[in-house]
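Trainee: Sharing coords_28.cif below, mmCIF, C-alpha atoms:
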```cif
data_final
loop_
_atom_site.label_atom_id
_atom_site.label_comp_id
_atom_site.auth_asym_id
_atom_site.auth_seq_id
_atom_site.Cartn_x
_atom_site.Cartn_y
_atom_site.Cartn_z
CA MET D 1 0.00 0.00 0.00
CA ALA D 2 1.34 3.44 -0.95
CA ARG D 3 2.18 5.69 1.97
CA GLN D 4 -0.37 8.51 2.34
CA ARG D 5 1.07 12.04 2.07
CA PRO D 6 0.36 14.45 4.95
CA LEU D 7 -2.43 16.97 4.33
CA TYR D 8 0.01 19.87 4.51
CA HIS D 9 2.16 18.52 1.65
CA SER D 10 -0.90 17.70 -0.44
CA LEU D 11 -2.13 21.27 -0.06
CA LEU D 12 1.27 22.60 -1.13
CA ASP D 13 1.25 20.34 -4.18
CA SER D 14 -2.17 21.70 -5.11
CA LEU D 15 -0.93 25.26 -4.71
CA HIS D 16 2.07 24.60 -6.96
CA LEU D 17 -0.20 23.01 -9.54
CA LEU D 18 -2.50 26.03 -9.54
CA MET D 19 0.46 28.41 -9.87
CA SER D 20 1.62 26.47 -12.91
CA TYR D 21 -1.88 26.69 -14.35
CA LEU D 22 -1.80 30.46 -13.83
CA MET D 23 1.19 30.77 -16.11
CA VAL D 24 -0.62 29.28 -19.10
CA SER D 25 -4.29 30.22 -18.55
CA SER D 26 -6.36 33.26 -19.35
CA ARG D 27 -8.24 35.31 -16.74
CA LYS D 28 -11.58 33.92 -17.94
CA GLN D 29 -10.38 30.34 -17.49
CA LEU D 30 -9.17 31.07 -13.97
CA GLN D 31 -12.30 32.82 -12.72
CA PRO D 32 -14.02 29.61 -11.47
CA LEU D 33 -10.88 28.76 -9.45
CA LEU D 34 -10.64 32.07 -7.59
CA PRO D 35 -12.52 30.86 -4.45
CA LEU D 36 -10.11 27.94 -4.11
CA LEU D 37 -7.10 30.19 -4.62
CA LEU D 38 -8.33 32.45 -1.82
CA LEU D 39 -9.10 29.53 0.52
CA LEU D 40 -5.93 27.50 0.03
CA PRO D 41 -3.50 29.73 2.01
CA LEU D 42 -5.97 29.78 4.90
CA LEU D 43 -6.14 25.97 4.95
CA VAL D 44 -2.34 25.68 4.90
CA GLY D 45 -2.02 28.24 7.72
CA CYS D 46 -4.62 26.48 9.89
CA HIS D 47 -2.89 23.15 9.41
CA LYS D 48 0.51 24.56 10.41
CA ALA D 49 -0.99 26.27 13.47
CA GLY D 50 -2.62 23.00 14.54
CA GLN D 51 0.64 21.15 14.17
CA GLN D 52 2.53 23.74 16.27
CA GLU D 53 -0.14 23.64 19.00
CA LYS D 54 0.13 19.84 19.17
CA GLU D 55 3.93 19.98 19.40
CA THR D 56 3.94 22.57 22.19
CA GLN D 57 1.13 21.07 24.26
CA ALA D 58 2.27 20.56 27.86
CA PRO D 59 2.47 16.91 29.00
CA ARG D 60 -0.01 15.50 31.49
CA ILE D 61 2.05 13.43 33.93
CA VAL D 62 1.20 10.60 36.30
CA SER D 63 4.07 9.66 38.60
CA LEU D 64 4.09 6.18 40.12
CA VAL D 65 7.53 6.90 41.61
CA PRO D 66 7.63 9.13 44.73
CA SER D 67 11.20 10.27 44.03
CA VAL D 68 10.16 11.35 40.51
CA THR D 69 7.27 13.32 41.99
CA ASP D 70 9.73 15.10 44.29
CA GLN D 71 11.99 15.90 41.34
CA ILE D 72 9.10 17.32 39.30
CA TYR D 73 8.46 19.65 42.25
CA ASP D 74 12.16 20.53 42.40
CA LEU D 75 11.92 21.50 38.72
CA ALA D 76 8.87 23.71 39.45
CA CYS D 77 6.80 21.64 37.01
CA ASP D 78 4.28 20.28 39.52
CA SER D 79 1.41 21.91 37.56
CA LEU D 80 1.91 19.09 35.03
CA LEU D 81 1.06 16.37 37.56
CA VAL D 82 -2.37 14.76 37.13
CA GLY D 83 -1.76 11.65 39.22
CA CYS D 84 0.51 10.35 42.00
CA THR D 85 0.95 7.60 44.62
CA THR D 86 0.01 7.33 48.28
CA TYR D 87 3.64 8.15 49.17
CA CYS D 88 3.75 11.46 47.26
CA THR D 89 2.95 13.62 50.27
CA GLU D 90 3.52 17.03 48.69
CA ALA D 91 1.41 16.19 45.65
CA ILE D 92 -1.40 14.84 47.86
CA ALA D 93 -1.34 18.07 49.85
CA ASP D 94 -1.83 19.87 46.53
CA SER D 95 -4.88 17.68 45.77
CA VAL D 96 -3.23 15.72 42.96
CA PRO D 97 -5.38 12.58 42.43
CA VAL D 98 -3.95 9.41 44.00
CA VAL D 99 -4.00 6.55 41.48
CA GLY D 100 -2.42 3.86 43.66
CA SER D 101 0.74 2.97 45.56
CA SER D 102 4.23 2.43 44.18
CA VAL D 103 3.34 -1.25 43.68
CA GLN D 104 -0.44 -1.44 43.07
CA THR D 105 -2.15 0.84 40.58
CA ASN D 106 -5.81 1.63 39.96
CA LEU D 107 -5.53 1.41 36.19
CA GLU D 108 -9.03 2.71 35.46
CA LEU D 109 -8.51 5.74 37.68
CA LEU D 110 -5.08 6.38 36.18
CA ILE D 111 -6.32 6.35 32.59
CA ALA D 112 -9.24 8.58 33.60
CA GLN D 113 -6.70 11.35 34.31
CA ARG D 114 -5.86 11.38 30.56
CA PRO D 115 -2.07 11.31 31.04
CA THR D 116 0.34 11.61 28.14
CA VAL D 117 3.32 10.35 30.15
CA VAL D 118 3.48 7.90 33.07
CA PHE D 119 6.63 7.47 35.14
CA ALA D 120 6.97 3.88 36.39
CA SER D 121 9.53 1.97 38.45
CA ASP D 122 10.86 -1.56 38.74
CA PHE D 123 7.99 -2.21 41.16
CA THR D 124 5.28 -1.29 38.64
CA ALA D 125 3.46 -4.42 37.47
CA PRO D 126 4.35 -5.44 33.87
CA GLN D 127 0.65 -5.83 33.05
CA THR D 128 0.06 -2.24 34.12
CA ILE D 129 2.81 -1.01 31.82
CA SER D 130 1.46 -3.10 28.92
CA ALA D 131 -2.08 -1.79 29.45
CA LEU D 132 -0.88 1.81 29.46
CA GLU D 133 1.18 1.35 26.31
CA ASN D 134 -1.76 -0.37 24.58
CA ALA D 135 -3.83 2.71 25.48
CA GLY D 136 -1.32 4.87 23.60
CA ILE D 137 0.24 6.37 26.75
CA GLU D 138 4.00 6.87 26.90
CA VAL D 139 5.56 4.96 29.81
CA VAL D 140 8.98 5.94 31.14
CA GLN D 141 10.27 3.17 33.42
CA LEU D 142 13.13 4.19 35.69
CA THR D 143 15.39 1.78 37.57
CA ASN D 144 16.74 2.48 41.04
CA PRO D 145 19.92 4.51 40.42
CA ALA D 146 23.16 2.71 41.35
CA SER D 147 25.22 5.85 41.91
CA TYR D 148 25.06 9.62 42.33
CA ASP D 149 25.97 9.98 38.66
CA ALA D 150 22.94 7.82 37.80
CA ILE D 151 20.73 10.06 39.96
CA GLN D 152 21.89 13.08 37.96
CA ALA D 153 21.31 11.27 34.65
CA GLN D 154 17.72 10.47 35.65
CA TYR D 155 17.16 14.05 36.75
CA ARG D 156 18.26 15.28 33.33
CA GLN D 157 15.98 12.71 31.66
CA ILE D 158 12.98 13.87 33.69
CA ALA D 159 13.85 17.53 33.05
CA THR D 160 13.96 16.93 29.29
CA LEU D 161 10.51 15.33 29.32
CA VAL D 162 8.96 18.22 31.28
CA GLY D 163 10.80 20.92 29.32
CA ALA D 164 13.01 22.13 32.17
CA SER D 165 16.52 21.18 31.06
CA ASP D 166 18.00 24.64 31.63
CA ARG D 167 16.57 24.79 35.14
CA ALA D 168 17.92 21.31 35.89
CA GLU D 169 21.44 22.21 34.76
CA SER D 170 21.43 25.35 36.88
CA GLN D 171 20.29 23.38 39.92
CA LEU D 172 22.81 20.58 39.34
CA THR D 173 25.64 23.08 39.13
CA GLU D 174 24.72 24.46 42.55
CA ILE D 175 24.09 21.03 44.11
CA ASN D 176 27.36 19.59 42.77
CA GLN D 177 29.27 22.50 44.25
CA ARG D 178 27.78 21.60 47.65
CA VAL D 179 28.53 17.90 47.16
CA ASP D 180 32.16 18.62 46.22
CA TRP D 181 32.58 20.93 49.22
CA LEU D 182 31.19 18.30 51.60
CA LYS D 183 33.43 15.60 50.08
CA GLN D 184 36.50 17.79 50.60
CA LEU D 185 35.44 18.58 54.16
CA ASN D 186 35.00 14.89 54.95
CA ALA D 187 38.29 13.97 53.30
CA THR D 188 40.17 16.35 55.62
CA ARG D 189 38.43 15.05 58.76
CA PRO D 190 40.82 12.81 60.74
CA TRP D 191 38.15 10.16 61.50
CA HIS D 192 37.25 7.78 58.65
CA PRO D 193 35.22 5.07 60.34
CA ARG D 194 33.90 1.78 59.06
CA ALA D 195 30.19 2.30 58.51
CA PHE D 196 27.01 0.31 57.97
CA MET D 197 23.89 1.91 56.49
CA GLN D 198 20.83 -0.06 57.56
CA ILE D 199 17.90 0.07 55.13
CA ALA D 200 15.72 -2.41 57.06
CA PHE D 201 16.28 -4.55 60.14
CA ASP D 202 13.97 -7.57 59.97
CA PRO D 203 15.08 -8.98 57.60
CA LEU D 204 18.36 -7.09 57.64
CA PHE D 205 19.22 -5.05 54.54
CA GLY D 206 22.19 -2.73 54.16
CA ALA D 207 23.49 -0.37 51.49
CA SER D 208 25.59 -2.46 49.09
CA THR D 209 28.19 -1.30 46.61
CA SER D 210 25.59 -1.39 43.81
CA THR D 211 23.44 1.41 45.28
CA TYR D 212 23.71 5.19 45.35
CA MET D 213 23.79 4.89 49.16
CA ASN D 214 27.31 3.51 48.79
CA ASP D 215 28.26 6.91 47.35
CA LEU D 216 26.71 8.58 50.40
CA ILE D 217 28.92 6.46 52.65
CA THR D 218 32.14 7.04 50.71
CA PHE D 219 31.45 10.75 50.09
CA SER D 220 31.05 11.14 53.86
CA GLY D 221 34.59 9.89 54.34
CA CYS D 222 33.57 6.45 55.66
CA THR D 223 34.32 2.91 54.49
CA ASN D 224 31.32 0.77 53.66
CA ILE D 225 31.55 -2.58 55.46
CA VAL D 226 29.26 -4.12 52.81
CA THR D 227 31.80 -4.88 50.12
CA VAL D 228 29.51 -6.96 47.90
CA ALA D 229 26.95 -5.95 45.32
CA GLY D 230 23.41 -7.26 45.15
CA ASN D 231 20.21 -6.46 46.99
CA GLY D 232 21.99 -5.92 50.32
CA GLN D 233 20.30 -8.63 52.38
CA LEU D 234 22.70 -9.65 55.13
CA SER D 235 22.95 -11.60 58.34
CA LEU D 236 23.63 -10.01 61.72
CA GLU D 237 26.66 -12.27 61.97
CA TYR D 238 28.13 -10.61 58.90
CA VAL D 239 27.71 -7.13 60.40
CA VAL D 240 29.18 -8.25 63.74
CA GLU D 241 32.17 -9.75 61.96
CA GLN D 242 32.81 -6.55 59.97
CA ASP D 243 32.51 -4.51 63.20
CA PRO D 244 31.24 -1.10 61.99
CA GLU D 245 32.21 1.99 63.99
CA VAL D 246 29.12 3.94 62.87
CA LEU D 247 25.58 2.81 62.20
CA PHE D 248 23.52 4.94 59.81
CA LEU D 249 19.91 3.95 60.53
CA ILE D 250 17.31 4.86 57.92
CA THR D 251 13.95 5.49 59.57
CA ASN D 252 11.00 4.71 57.33
CA HIS D 253 7.72 6.50 57.97
CA GLY D 254 8.02 6.38 61.74
CA SER D 255 8.72 2.65 61.95
CA GLU D 256 10.48 1.58 65.15
CA SER D 257 11.98 -1.50 63.49
CA GLY D 258 15.73 -1.07 63.18
CA SER D 259 15.97 1.69 65.78
CA GLU D 260 18.87 1.93 68.23
CA GLU D 261 17.14 -0.48 70.62
CA SER D 262 17.33 -3.23 67.99
CA TRP D 263 21.14 -3.12 68.18
CA HIS D 264 21.67 -2.90 71.94
CA THR D 265 22.21 -6.63 72.41
CA LEU D 266 25.14 -6.67 69.96
CA ARG D 267 27.64 -5.38 72.52
CA SER D 268 30.68 -6.63 70.60
CA VAL D 269 30.07 -4.12 67.78
CA THR D 270 32.18 -0.96 68.20
CA ALA D 271 29.37 1.34 67.05
CA VAL D 272 27.08 -0.13 69.71
CA GLN D 273 29.71 0.16 72.43
CA GLN D 274 30.33 3.82 71.62
CA GLY D 275 26.69 4.70 70.88
CA ASN D 276 27.50 5.86 67.37
CA TYR D 277 24.02 5.84 65.85
CA CYS D 278 23.11 8.33 63.14
CA PRO D 279 19.37 8.28 62.27
CA LEU D 280 18.51 9.35 58.74
CA PRO D 281 14.93 10.09 57.57
CA GLY D 282 13.75 7.63 54.95
CA GLU D 283 11.80 10.31 53.07
CA ILE D 284 15.18 11.84 52.21
CA VAL D 285 17.64 8.95 51.94
CA SER D 286 15.30 6.41 50.36
CA GLN D 287 13.99 8.79 47.67
CA PRO D 288 16.88 9.33 45.24
CA SER D 289 17.10 12.80 43.77
CA PRO D 290 19.98 15.30 43.55
CA GLN D 291 18.42 17.49 46.24
CA HIS D 292 17.78 14.58 48.61
CA PHE D 293 21.29 13.23 48.04
CA VAL D 294 22.99 16.44 49.13
CA GLU D 295 20.59 16.81 52.07
CA ALA D 296 21.46 13.29 53.27
CA LEU D 297 25.17 13.91 52.78
CA GLN D 298 24.89 17.10 54.83
CA LEU D 299 23.16 15.21 57.70
CA MET D 300 25.87 12.54 57.69
CA THR D 301 28.66 15.14 57.56
CA ASP D 302 27.14 17.06 60.46
CA TYR D 303 26.99 13.93 62.59
CA LEU D 304 30.53 12.81 61.78
CA SER D 305 31.91 16.29 62.43
CA GLU D 306 30.47 16.58 65.96
#
```
Could you render the structure as structure tokens?
Mentor:
Amino acid sequence: MARQRPLYHSLLDSLHLLMSYLMVSSRKQLQPLLPLLLLLPLLVGCHKAGQQEKETQAPRIVSLVPSVTDQIYDLACDSLLVGCTTYCTEAIADSVPVVGSSVQTNLELLIAQRPTVVFASDFTAPQTISALENAGIEVVQLTNPASYDAIQAQYRQIATLVGASDRAESQLTEINQRVDWLKQLNATRPWHPRAFMQIAFDPLFGASTSTYMNDLITFSGCTNIVTVAGNGQLSLEYVVEQDPEVLFLITNHGSESGSEESWHTLRSVTAVQQGNYCPLPGEIVSQPSPQHFVEALQLMTDYLSE
């Protein structure tokens, strides 16, 4: 089947044909064609205007990733949000419709928001992604960043999709200056302890070398006792054997699991003996974004500098 030419090109072809006819025809022959000659430029102009409006139309965004929602706010593009998760506290406060959690999605409610772009994560069900794509909705699936560089790359990707690349670069320049300053400050500090960053306690998960949290540990001037990659699930025996001097404890939504009291029985661990516990709010550390990263690094630096 022959490929159909766009309306705009067909109209131009007709205009060129009429201009050629003008060169060889008399005024009397052209008189019946005058209405078409007057109408043709208007049709071409309307088509071009419609195309430009379509190209510049702002995206309608549903974010199924709380950290992405935070970054859209950081980019001052929150007016584009038409859907979020139960963990997107700022968006909920702004009355953005909740379409599910980070794992479970109300597909009917999501589609009812008429999004043009949906941000998904590794936790988003494959059938949800397939259903959205079958509905003609663009799905951008983001993996959990493995480093601070990966966090920046995702931020630039999000900024490009929401039309805020210049703003993102300006913000990253400022944030990276802060990160570099904190790294230099921590490098000059005489104490460089062995550290363990606890993500969850029961079962025990820690920040492994394949996560951006490893960068938080090393940028703070510490040595990560978890020297293996993977999902970070460990045994208490492993942590006791590595004997961390500092415990960074991520608190998740007020949960008491994994608090200082959970470690008190492990008296052979240096960090427990010396009471070196540094609590870190999960809404900052567990939500990777450039702004959250530097905020977490500042909290860790402040504790280690006391």
Trainee: When you count only C-alpha atoms, which of these residues is closest to Ser102 in chain D: D:Val82, D:Ile137, D:Arg267, D:Ser63?
Mentor: D:Ser63
Trainee: Would you please work out which residue, of D:Gln154, D:Thr301, D:Thr218, D:Thr265, is nearest to Cys278 in chain D when using all atoms listed in the file?
Mentor: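 Once distances to Cys278 in chain D are computed over all atoms listed in the file, the minimum belongs to D:Thr301.
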Trainee: I need the output of the PyMOL selection byres ((chain D and resi 124) around 8) for this file as a list of chain:residue names; which residues are they?
Mentor: D:Leu64, D:Ser102, D:Val103, D:Gln104, D:Thr105, D:Ala120, D:Ser121, D:Asp122, D:Phe123, D:Ala125, D:Pro126, D:Thr128, D:Ile129
Trainee: Output the residue selection produced by the PyMOL selection byres ((chain D and resi 156) around 12) on the file above, formatted as a count of residues only.
Mentor: 29
Trainee: Select, from D:Pro115, D:Gly221, D:Gly206, D:Pro145, the residue with the minimum atom-to-atom distance to Leu182 in chain D, counting all atoms listed in the file.
Mentor: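 Going through D:Pro115, D:Gly221, D:Gly206, D:Pro145 one by one, the smallest distance to Leu182 in chain D is for D:Gly221.
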Trainee: Considering all atoms listed in the file, return as a PyMOL selection string whatever protein or nucleic-acid residues lie within 7 Å of Gln198 in chain D, sequence-local ones (same chain, fewer than 5 positions apart) excluded.
Mentor: chain D and resi 205-207+248-250
Trainee: Tell me, in Å to one decimal, how far CA of Met300 in chain D is from CA of Gly230 in chain D.
Mentor: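 We find that CA of Met300 in chain D and CA of Gly230 in chain D lie 23.6 Å from each other.
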Trainee: Give the centre and edge lengths of an axis-aligned box, in Å to one decimal, that holds all listed atoms of range 138-155 of chain D with 3 Å on each side, as AutoDock Vina command-line options.
Mentor:
```
--center_x 15.0 --center_y 7.9 --center_z 34.6 --size_x 28.0 --size_y 18.3 --size_z 21.4
```
Trainee: Which value, in Å to one decimal, gives the distance between CA of Gln57 in chain D and CA of Val117 in chain D?
Mentor: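 Distance reported for this atom pair: 12.4 Å.
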